[in-house]
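Colleague: What follows is data-v4.pdb, PDB, C-alpha atoms, pLDDT in the B column.
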```pdb
ATOM      1  CA  GLN A 118       3.933   5.438 -18.585  1.00 38.00           C
ATOM      2  CA  VAL A 119       2.490   6.902 -15.399  1.00 35.00           C
ATOM      3  CA  PRO A 120       4.820   9.509 -13.900  1.00 34.00           C
ATOM      4  CA  ALA A 121       6.134   8.579 -10.467  1.00 34.00           C
ATOM      5  CA  LYS A 122       4.558  11.636  -8.883  1.00 34.00           C
ATOM      6  CA  PHE A 123       1.128  10.049  -9.315  1.00 30.00           C
ATOM      7  CA  SER A 124       2.046   7.077  -7.141  1.00 31.00           C
ATOM      8  CA  PHE A 125       0.881   8.475  -3.826  1.00 30.00           C
ATOM      9  CA  SER A 126       1.898   6.698  -0.641  1.00 34.00           C
ATOM     10  CA  ASN A 127       0.215   7.198   2.700  1.00 34.00           C
ATOM     11  CA  HIS A 128       3.004   6.843   5.200  1.00 34.00           C
ATOM     12  CA  THR A 129       2.287   9.854   7.358  1.00 33.00           C
ATOM     13  CA  ARG A 130       0.216   9.350  10.504  1.00 33.00           C
ATOM     14  CA  LYS A 131      -2.647  11.313   8.958  1.00 38.00           C
ATOM     15  CA  PRO A 132      -3.077   9.935   5.405  1.00 34.00           C
ATOM     16  CA  ARG A 133      -2.907  12.427   2.571  1.00 36.00           C
ATOM     17  CA  THR A 134      -6.173  12.792   0.697  1.00 36.00           C
ATOM     18  CA  LYS A 135      -7.015  13.842  -2.830  1.00 37.00           C
ATOM     19  CA  THR A 136     -10.371  14.252  -4.484  1.00 39.00           C
ATOM     20  CA  LEU A 137     -10.631  12.685  -7.918  1.00 38.00           C
ATOM     21  CA  SER A 138     -10.703  16.060  -9.670  1.00 40.00           C
ATOM     22  CA  GLN A 139      -7.391  16.995  -8.007  1.00 40.00           C
ATOM     23  CA  VAL A 140      -5.468  14.085  -9.549  1.00 40.00           C
ATOM     24  CA  PRO A 141      -4.063  15.248 -12.922  1.00 39.00           C
ATOM     25  CA  LEU A 142      -3.775  11.661 -14.193  1.00 40.00           C
ATOM     26  CA  LEU A 143      -7.532  11.188 -14.000  1.00 41.00           C
ATOM     27  CA  ARG A 144      -8.836  14.719 -14.544  1.00 36.00           C
ATOM     28  CA  GLY A 145     -11.180  15.143 -17.493  1.00 34.00           C
ATOM     29  CA  GLN A 146     -11.493  11.438 -18.144  1.00 40.00           C
ATOM     30  CA  SER A 147     -14.781   9.554 -18.327  1.00 42.00           C
ATOM     31  CA  PHE A 148     -15.576   8.977 -14.672  1.00 43.00           C
ATOM     32  CA  GLU A 149     -19.122   9.555 -13.484  1.00 43.00           C
ATOM     33  CA  ARG A 150     -19.232  11.806 -10.446  1.00 40.00           C
ATOM     34  CA  ASP A 151     -21.040   9.167  -8.398  1.00 39.00           C
ATOM     35  CA  MET A 152     -18.425   6.509  -9.152  1.00 49.00           C
ATOM     36  CA  VAL A 153     -16.028   8.015  -6.617  1.00 53.00           C
ATOM     37  CA  ASN A 154     -17.878  10.165  -4.120  1.00 53.00           C
ATOM     38  CA  ASP A 155     -15.218  10.324  -1.450  1.00 61.00           C
ATOM     39  CA  ASP A 156     -11.698  11.696  -0.975  1.00 73.00           C
ATOM     40  CA  LEU A 157      -9.028   9.427  -2.392  1.00 77.00           C
ATOM     41  CA  ARG A 158      -6.637   8.048   0.199  1.00 82.00           C
ATOM     42  CA  CYS A 159      -4.079   6.192  -1.899  1.00 86.00           C
ATOM     43  CA  ILE A 160      -3.321   5.710  -5.610  1.00 86.00           C
ATOM     44  CA  LYS A 161      -0.701   3.282  -6.909  1.00 89.00           C
ATOM     45  CA  ALA A 162       0.319   2.434 -10.480  1.00 88.00           C
ATOM     46  CA  PHE A 163       1.143  -1.044 -11.727  1.00 90.00           C
ATOM     47  CA  PRO A 164       4.595  -1.416 -13.368  1.00 84.00           C
ATOM     48  CA  SER A 165       3.141  -1.126 -16.887  1.00 82.00           C
ATOM     49  CA  GLY A 166       1.644   2.272 -16.069  1.00 81.00           C
ATOM     50  CA  ARG A 167      -1.596   1.276 -17.823  1.00 86.00           C
ATOM     51  CA  THR A 168      -3.495   0.383 -14.653  1.00 88.00           C
ATOM     52  CA  VAL A 169      -3.852   2.122 -11.319  1.00 87.00           C
ATOM     53  CA  VAL A 170      -5.592   1.074  -8.116  1.00 88.00           C
ATOM     54  CA  TYR A 171      -7.100   3.516  -5.658  1.00 84.00           C
ATOM     55  CA  SER A 172      -8.720   3.521  -2.240  1.00 86.00           C
ATOM     56  CA  CYS A 173     -10.937   6.133  -0.632  1.00 80.00           C
ATOM     57  CA  GLU A 174     -10.953   7.765   2.771  1.00 75.00           C
ATOM     58  CA  THR A 175     -14.131   6.109   4.085  1.00 73.00           C
ATOM     59  CA  LEU A 176     -15.449   3.725   1.409  1.00 76.00           C
ATOM     60  CA  GLU A 177     -14.701   0.054   2.084  1.00 86.00           C
ATOM     61  CA  GLU A 178     -13.487  -0.768  -1.408  1.00 85.00           C
ATOM     62  CA  VAL A 179     -10.605  -0.678  -3.874  1.00 89.00           C
ATOM     63  CA  GLY A 180     -11.100   0.545  -7.436  1.00 86.00           C
ATOM     64  CA  ILE A 181      -9.107  -0.550 -10.486  1.00 89.00           C
ATOM     65  CA  VAL A 182      -8.715   1.956 -13.324  1.00 85.00           C
ATOM     66  CA  ASP A 183      -7.686   1.210 -16.907  1.00 84.00           C
ATOM     67  CA  VAL A 184      -5.814   4.379 -17.882  1.00 81.00           C
ATOM     68  CA  ASN A 185      -5.954   3.706 -21.638  1.00 82.00           C
ATOM     69  CA  ARG A 186      -9.702   3.080 -21.638  1.00 79.00           C
ATOM     70  CA  ARG A 187     -10.207   5.856 -19.115  1.00 76.00           C
ATOM     71  CA  THR A 188     -12.643   3.880 -17.027  1.00 81.00           C
ATOM     72  CA  ILE A 189     -13.020   2.025 -13.765  1.00 81.00           C
ATOM     73  CA  VAL A 190     -12.821  -1.664 -14.696  1.00 83.00           C
ATOM     74  CA  GLY A 191     -13.315  -3.226 -11.283  1.00 84.00           C
ATOM     75  CA  ILE A 192     -14.307  -2.489  -7.712  1.00 85.00           C
ATOM     76  CA  VAL A 193     -13.487  -4.846  -4.836  1.00 87.00           C
ATOM     77  CA  ARG A 194     -15.780  -4.559  -1.809  1.00 86.00           C
ATOM     78  CA  LEU A 195     -13.862  -5.122   1.422  1.00 87.00           C
ATOM     79  CA  PRO A 196     -14.762  -5.765   5.069  1.00 84.00           C
ATOM     80  CA  ASP A 197     -13.380  -2.396   6.205  1.00 87.00           C
ATOM     81  CA  SER A 198     -11.469   0.668   4.988  1.00 89.00           C
ATOM     82  CA  VAL A 199      -8.159   0.433   3.118  1.00 91.00           C
ATOM     83  CA  THR A 200      -5.165   2.194   4.664  1.00 91.00           C
ATOM     84  CA  CYS A 201      -2.422   1.339   2.146  1.00 92.00           C
ATOM     85  CA  LEU A 202      -1.924  -0.255  -1.278  1.00 93.00           C
ATOM     86  CA  VAL A 203       1.121  -1.644  -3.072  1.00 94.00           C
ATOM     87  CA  PRO A 204       1.463  -3.603  -6.354  1.00 93.00           C
ATOM     88  CA  ILE A 205       3.339  -6.920  -6.043  1.00 94.00           C
ATOM     89  CA  ASP A 206       3.816  -7.664  -9.746  1.00 91.00           C
ATOM     90  CA  ARG A 207       1.946  -7.064 -13.016  1.00 89.00           C
ATOM     91  CA  THR A 208      -1.304  -8.634 -11.830  1.00 91.00           C
ATOM     92  CA  ASP A 209      -1.524  -8.690  -8.026  1.00 93.00           C
ATOM     93  CA  PHE A 210      -1.500  -6.055  -5.318  1.00 94.00           C
ATOM     94  CA  LEU A 211      -1.619  -5.920  -1.525  1.00 94.00           C
ATOM     95  CA  CYS A 212      -3.896  -3.812   0.594  1.00 92.00           C
ATOM     96  CA  GLY A 213      -3.794  -3.181   4.330  1.00 93.00           C
ATOM     97  CA  LEU A 214      -7.002  -2.529   6.236  1.00 92.00           C
ATOM     98  CA  THR A 215      -7.998  -0.570   9.321  1.00 91.00           C
ATOM     99  CA  SER A 216      -8.784  -3.880  11.057  1.00 91.00           C
ATOM    100  CA  GLY A 217      -5.163  -5.051  10.692  1.00 92.00           C
ATOM    101  CA  LYS A 218      -5.921  -7.496   7.877  1.00 91.00           C
ATOM    102  CA  LEU A 219      -3.667  -7.860   4.832  1.00 93.00           C
ATOM    103  CA  LEU A 220      -5.201  -8.951   1.516  1.00 92.00           C
ATOM    104  CA  ARG A 221      -3.663 -10.028  -1.791  1.00 93.00           C
ATOM    105  CA  ILE A 222      -5.942  -9.167  -4.719  1.00 92.00           C
ATOM    106  CA  HIS A 223      -5.689 -10.184  -8.369  1.00 92.00           C
ATOM    107  CA  ARG A 224      -6.236  -7.196 -10.653  1.00 88.00           C
ATOM    108  CA  ASP A 225      -8.176  -9.059 -13.370  1.00 87.00           C
ATOM    109  CA  THR A 226     -10.207 -11.710 -11.532  1.00 87.00           C
ATOM    110  CA  LEU A 227     -10.658  -9.624  -8.343  1.00 87.00           C
ATOM    111  CA  ASN A 228     -10.052 -12.815  -6.353  1.00 88.00           C
ATOM    112  CA  ASN A 229      -8.474 -12.104  -2.981  1.00 87.00           C
ATOM    113  CA  THR A 230      -6.498 -14.055  -0.415  1.00 89.00           C
ATOM    114  CA  GLN A 231      -6.444 -13.011   3.214  1.00 87.00           C
ATOM    115  CA  ALA A 232      -3.256 -13.388   5.201  1.00 87.00           C
ATOM    116  CA  LYS A 233      -3.212 -16.111   7.836  1.00 77.00           C
ATOM    117  CA  PHE A 234      -1.965 -13.600  10.427  1.00 80.00           C
ATOM    118  CA  VAL A 235      -3.545 -10.236  11.108  1.00 83.00           C
ATOM    119  CA  HIS A 236      -2.076  -7.227  12.868  1.00 92.00           C
ATOM    120  CA  GLN A 237      -3.938  -6.208  16.007  1.00 92.00           C
ATOM    121  CA  ALA A 238      -4.471  -2.664  14.713  1.00 93.00           C
ATOM    122  CA  GLU A 239      -4.521  -0.582  11.513  1.00 93.00           C
ATOM    123  CA  VAL A 240      -1.881  -1.458   8.902  1.00 94.00           C
ATOM    124  CA  MET A 241       0.065   1.749   8.310  1.00 94.00           C
ATOM    125  CA  SER A 242       2.464   0.823   5.503  1.00 95.00           C
ATOM    126  CA  ILE A 243       3.504  -2.125   3.312  1.00 96.00           C
ATOM    127  CA  ALA A 244       6.685  -2.484   1.230  1.00 96.00           C
ATOM    128  CA  VAL A 245       7.337  -5.257  -1.306  1.00 96.00           C
ATOM    129  CA  HIS A 246      10.995  -6.195  -1.847  1.00 95.00           C
ATOM    130  CA  PRO A 247      12.285  -4.681  -5.137  1.00 93.00           C
ATOM    131  CA  ARG A 248      13.747  -7.994  -6.378  1.00 91.00           C
ATOM    132  CA  GLU A 249      12.310 -10.801  -4.239  1.00 92.00           C
ATOM    133  CA  ARG A 250       8.659 -10.105  -5.001  1.00 89.00           C
ATOM    134  CA  ALA A 251       7.451 -12.830  -2.629  1.00 93.00           C
ATOM    135  CA  LEU A 252       8.862 -10.852   0.320  1.00 95.00           C
ATOM    136  CA  ALA A 253       7.125  -7.898   1.950  1.00 95.00           C
ATOM    137  CA  LEU A 254       7.315  -5.918   5.185  1.00 95.00           C
ATOM    138  CA  SER A 255       4.459  -4.253   7.032  1.00 96.00           C
ATOM    139  CA  VAL A 256       4.076  -1.973  10.033  1.00 95.00           C
ATOM    140  CA  SER A 257       0.970  -1.332  12.064  1.00 95.00           C
ATOM    141  CA  ARG A 258      -0.433   0.736  14.906  1.00 94.00           C
ATOM    142  CA  ASP A 259       0.036  -2.393  17.026  1.00 94.00           C
ATOM    143  CA  ASN A 260       3.752  -1.404  17.000  1.00 93.00           C
ATOM    144  CA  PHE A 261       4.979  -4.549  15.258  1.00 94.00           C
ATOM    145  CA  LEU A 262       6.970  -4.989  12.067  1.00 93.00           C
ATOM    146  CA  CYS A 263       6.158  -8.174  10.131  1.00 94.00           C
ATOM    147  CA  ALA A 264       8.031  -9.913   7.319  1.00 93.00           C
ATOM    148  CA  TRP A 265       5.742 -11.784   4.924  1.00 94.00           C
ATOM    149  CA  ASN A 266       6.017 -14.692   2.519  1.00 94.00           C
ATOM    150  CA  LEU A 267       3.547 -13.538  -0.142  1.00 94.00           C
ATOM    151  CA  THR A 268       3.360 -16.964  -1.773  1.00 92.00           C
ATOM    152  CA  THR A 269       1.776 -18.444   1.341  1.00 92.00           C
ATOM    153  CA  MET A 270       0.521 -15.115   2.757  1.00 92.00           C
ATOM    154  CA  SER A 271       2.114 -16.009   6.082  1.00 92.00           C
ATOM    155  CA  VAL A 272       4.361 -14.138   8.528  1.00 93.00           C
ATOM    156  CA  THR A 273       7.965 -15.343   8.730  1.00 92.00           C
ATOM    157  CA  HIS A 274       9.191 -12.840  11.330  1.00 91.00           C
ATOM    158  CA  LYS A 275       7.499 -10.471  13.766  1.00 93.00           C
ATOM    159  CA  VAL A 276       9.436  -7.903  15.820  1.00 91.00           C
ATOM    160  CA  PRO A 277       8.441  -4.874  17.923  1.00 92.00           C
ATOM    161  CA  CYS A 278       9.018  -1.437  16.420  1.00 89.00           C
ATOM    162  CA  ALA A 279       8.854   2.109  17.770  1.00 84.00           C
ATOM    163  CA  GLU A 280       5.488   3.442  18.839  1.00 86.00           C
ATOM    164  CA  GLY A 281       3.860   5.466  16.073  1.00 88.00           C
ATOM    165  CA  THR A 282       5.828   3.834  13.232  1.00 91.00           C
ATOM    166  CA  SER A 283       3.915   4.804  10.114  1.00 91.00           C
ATOM    167  CA  SER A 284       6.181   4.112   7.127  1.00 93.00           C
ATOM    168  CA  ILE A 285       8.396   1.355   5.802  1.00 95.00           C
ATOM    169  CA  LEU A 286      10.460   1.497   2.593  1.00 94.00           C
ATOM    170  CA  TRP A 287      13.044  -0.724   0.896  1.00 95.00           C
ATOM    171  CA  SER A 288      16.231   0.662  -0.610  1.00 94.00           C
ATOM    172  CA  PRO A 289      16.492   0.117  -4.407  1.00 93.00           C
ATOM    173  CA  SER A 290      18.948  -2.758  -3.851  1.00 92.00           C
ATOM    174  CA  GLY A 291      16.737  -4.429  -1.262  1.00 93.00           C
ATOM    175  CA  ASN A 292      19.656  -4.800   1.161  1.00 93.00           C
ATOM    176  CA  LEU A 293      18.329  -2.088   3.495  1.00 94.00           C
ATOM    177  CA  PHE A 294      14.975  -0.779   4.619  1.00 95.00           C
ATOM    178  CA  SER A 295      13.874   2.236   6.623  1.00 94.00           C
ATOM    179  CA  ILE A 296      11.116   2.601   9.181  1.00 93.00           C
ATOM    180  CA  SER A 297       9.833   6.013  10.208  1.00 93.00           C
ATOM    181  CA  SER A 298       7.734   7.454  12.984  1.00 89.00           C
ATOM    182  CA  GLU A 299       6.916  11.045  13.806  1.00 86.00           C
ATOM    183  CA  LYS A 300      10.163  11.436  15.768  1.00 87.00           C
ATOM    184  CA  ILE A 301      12.716   9.095  14.196  1.00 89.00           C
ATOM    185  CA  THR A 302      13.715   7.305  10.991  1.00 92.00           C
ATOM    186  CA  ARG A 303      15.947   4.231  11.242  1.00 92.00           C
ATOM    187  CA  VAL A 304      17.879   2.556   8.414  1.00 94.00           C
ATOM    188  CA  ILE A 305      18.195  -1.181   8.976  1.00 93.00           C
ATOM    189  CA  GLU A 306      19.959  -4.060   7.263  1.00 91.00           C
ATOM    190  CA  TYR A 307      17.616  -6.885   6.328  1.00 84.00           C
ATOM    191  CA  GLY A 308      19.372  -9.026   8.946  1.00 82.00           C
ATOM    192  CA  GLY A 309      18.143  -6.591  11.612  1.00 84.00           C
ATOM    193  CA  ARG A 310      21.186  -4.412  12.388  1.00 88.00           C
ATOM    194  CA  VAL A 311      20.426  -0.685  12.670  1.00 89.00           C
ATOM    195  CA  ILE A 312      23.055   1.193  10.660  1.00 91.00           C
ATOM    196  CA  GLY A 313      21.789   4.742  11.092  1.00 91.00           C
ATOM    197  CA  GLU A 314      19.001   6.929  12.381  1.00 89.00           C
ATOM    198  CA  ILE A 315      17.686  10.463  11.912  1.00 89.00           C
ATOM    199  CA  ARG A 316      15.766  12.288  14.625  1.00 88.00           C
ATOM    200  CA  HIS A 317      13.156  14.703  13.267  1.00 78.00           C
TER     201      HIS A 317
END
```
For the file at hand, write its structure as structure tokens.
Modeller:
Amino acid sequence: QVPAKFSFSNHTRKPRTKTLSQVPLLRGQSFERDMVNDDLRCIKAFPSGRTVVYSCETLEEVGIVDVNRRTIVGIVRLPDSVTCLVPIDRTDFLCGLTSGKLLRIHRDTLNNTQAKFVHQAEVMSIAVHPRERALALSVSRDNFLCAWNLTTMSVTHKVPCAEGTSSILWSPSGNLFSISSEKITRVIEYGGRVIGEIRH
């Protein structure tokens, strides 16, 4: 199984980058140098640990890697650069784009579904509920937090959030979530009540 430390998340304002040779999970495996010729922006593992998806800093695509076969098994060309990735279940994952679009992509068929609503700026972070896998939250540089029904790929709620919010995470129980900006992190009940905050 893929160790948790290889599941990079990009919820700082300046996304963390890694070149392929710097990722121990992939080092020494049979990747041609010209397959990934850019800094990696985000890598996420599917629950099985046998497949990972990655996005690059400037390339407008998502790659799918079979860890057991040690090869890239699919590349999805996209309309613009990917800012964040998150698996939904064993076969599908979400990606947020610099344009504000949110896409649901099937790992095996590479079919994708675009959300009916788009943020007005770069999607900074996406979090899928740990138990209700049809529920996700997203935050964007447009300073809005959106709750999503992933079955219909539609927004169920949209509320303003603090300027510069760059990260959103669910608690393991799914009863709480946190949103973070450069200056403050707030812990919020799913109903919307703020129960605590930390100033950085």
Colleague: Using only C-alpha atoms, which residue out of A:Arg250, A:His223, A:Gly217, A:Arg167 lies closest to Cys263 in chain A?
Modeller: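 Ranked by minimum distance to Cys263 in chain A, first place goes to A:Gly217.
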Colleague: When you draw a straight line from CA of Asn228 in chain A to CA of Ser271 in chain A, how long is it in Å?
Modeller: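 Between CA of Asn228 in chain A and CA of Ser271 in chain A the gap works out to 17.7 Å.
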Colleague: Taking the file as shown, what set of residues would the PyMOL selection byres ((chain A and resi 262) around 9) give back, as a PyMOL selection string?
Modeller: chain A and resi 254-257+259-261+263-264+274-278+282
Colleague: How would the residues just chosen look if you wrote them out with C-alpha atoms as a compact mmCIF listing (two decimals), keeping the file's coordinate frame?
Modeller:
```txt
# COMPACT_ATOMS: atom_id res chain seq x y z
CA LEU A 254 7.32 -5.92 5.18
CA SER A 255 4.46 -4.25 7.03
CA VAL A 256 4.08 -1.97 10.03
CA SER A 257 0.97 -1.33 12.06
CA ASP A 259 0.04 -2.39 17.03
CA ASN A 260 3.75 -1.40 17.00
CA PHE A 261 4.98 -4.55 15.26
CA CYS A 263 6.16 -8.17 10.13
CA ALA A 264 8.03 -9.91 7.32
CA HIS A 274 9.19 -12.84 11.33
CA LYS A 275 7.50 -10.47 13.77
CA VAL A 276 9.44 -7.90 15.82
CA PRO A 277 8.44 -4.87 17.92
CA CYS A 278 9.02 -1.44 16.42
CA THR A 282 5.83 3.83 13.23
```
Colleague: Can you tell me how far CA of Thr269 in chain A sits from CA of Thr230 in chain A, in Å to one decimal?
Modeller: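 Answer for the CA of Thr269 in chain A to CA of Thr230 in chain A separation: 9.5 Å.
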Colleague: Write out as CSV a residue-level contact list of range 199-229 of chain A versus range 239-244 of chain A with cut-off 12 Å: for each qualifying residue the closest pair of atoms and the distance in Å to one decimal, counting only C-alpha atoms, rows sorted by chain and residue number upward.
Modeller:
```
residue,atom,partner,partner_atom,distance
A:Val199,CA,A:Val240,CA,8.7
A:Thr200,CA,A:Met241,CA,6.4
A:Cys201,CA,A:Ser242,CA,6.0
A:Leu202,CA,A:Ile243,CA,7.4
A:Val203,CA,A:Ile243,CA,6.8
A:Pro204,CA,A:Ala244,CA,9.3
A:Ile205,CA,A:Ala244,CA,9.2
A:Phe210,CA,A:Ile243,CA,10.7
A:Leu211,CA,A:Ile243,CA,8.0
A:Cys212,CA,A:Ile243,CA,8.1
A:Gly213,CA,A:Val240,CA,5.2
A:Leu214,CA,A:Val240,CA,5.9
A:Thr215,CA,A:Glu239,CA,4.1
A:Ser216,CA,A:Glu239,CA,5.4
A:Gly217,CA,A:Glu239,CA,4.6
A:Lys218,CA,A:Val240,CA,7.3
A:Leu219,CA,A:Val240,CA,7.8
A:Leu220,CA,A:Val240,CA,11.0
A:Arg221,CA,A:Ile243,CA,11.8
```
Colleague: For CA of Pro164 in chain A and CA of Val182 in chain A, determine how far apart the two atoms are, in Å to one decimal place.
Modeller: 13.7 Å
Colleague: Report, as lines of an AutoDock Vina configuration file, the centre and edge lengths in Å (one decimal) of the axis-aligned box enclosing every listed atom of range 206-216 of chain A, padded by 3 Å on each side.
Modeller:
```
center_x = -2.5
center_y = -4.6
center_z = -1.0
size_x = 18.6
size_y = 14.1
size_z = 30.1
```
Colleague: Find the residue from A:Ala253, A:Gly291, A:Val179, A:Pro196 that sits nearest to Lys161 in chain A; use only C-alpha atoms when measuring.
Modeller: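 Ranking A:Ala253, A:Gly291, A:Val179, A:Pro196 by distance to Lys161 in chain A, first place goes to A:Val179.
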Colleague: Extract, using only C-alpha atoms, all DNA, RNA and protein residues at most 9 Å from range 295-302 of chain A, discarding same-chain residues fewer than 4 positions from it, and format them as a compact mmCIF listing (two decimals) with C-alpha atoms, keeping the file's coordinate frame.
Modeller:
```txt
# COMPACT_ATOMS: atom_id res chain seq x y z
CA HIS A 128 3.00 6.84 5.20
CA THR A 129 2.29 9.85 7.36
CA ARG A 130 0.22 9.35 10.50
CA VAL A 256 4.08 -1.97 10.03
CA CYS A 278 9.02 -1.44 16.42
CA ALA A 279 8.85 2.11 17.77
CA GLU A 280 5.49 3.44 18.84
CA GLY A 281 3.86 5.47 16.07
CA THR A 282 5.83 3.83 13.23
CA SER A 283 3.92 4.80 10.11
CA SER A 284 6.18 4.11 7.13
CA ILE A 285 8.40 1.36 5.80
CA LEU A 286 10.46 1.50 2.59
CA TRP A 287 13.04 -0.72 0.90
CA SER A 288 16.23 0.66 -0.61
CA GLU A 306 19.96 -4.06 7.26
CA GLY A 313 21.79 4.74 11.09
CA GLU A 314 19.00 6.93 12.38
CA ILE A 315 17.69 10.46 11.91
CA ARG A 316 15.77 12.29 14.62
CA HIS A 317 13.16 14.70 13.27
```
Colleague: The PyMOL selection byres ((chain A and resi 191) around 9) on the file shown: which residues, as a short mmCIF file (atom, residue, chain, number, x, y, z; two decimals) with C-alpha atoms, keeping the file's coordinate frame?
Modeller:
```cif
data_model
loop_
_atom_site.label_atom_id
_atom_site.label_comp_id
_atom_site.auth_asym_id
_atom_site.auth_seq_id
_atom_site.Cartn_x
_atom_site.Cartn_y
_atom_site.Cartn_z
CA VAL A 179 -10.60 -0.68 -3.87
CA GLY A 180 -11.10 0.55 -7.44
CA ILE A 181 -9.11 -0.55 -10.49
CA VAL A 182 -8.72 1.96 -13.32
CA ILE A 189 -13.02 2.02 -13.76
CA VAL A 190 -12.82 -1.66 -14.70
CA ILE A 192 -14.31 -2.49 -7.71
CA VAL A 193 -13.49 -4.85 -4.84
CA ARG A 224 -6.24 -7.20 -10.65
CA ASP A 225 -8.18 -9.06 -13.37
CA LEU A 227 -10.66 -9.62 -8.34
#
```
Colleague: For each of A:Thr208, A:Arg258, A:Arg310, A:Ile160, take the minimum atom-to-atom distance to Ala238 in chain A, counting all atoms listed in the file, then give the residue where this is smallest.
Modeller: A:Arg258
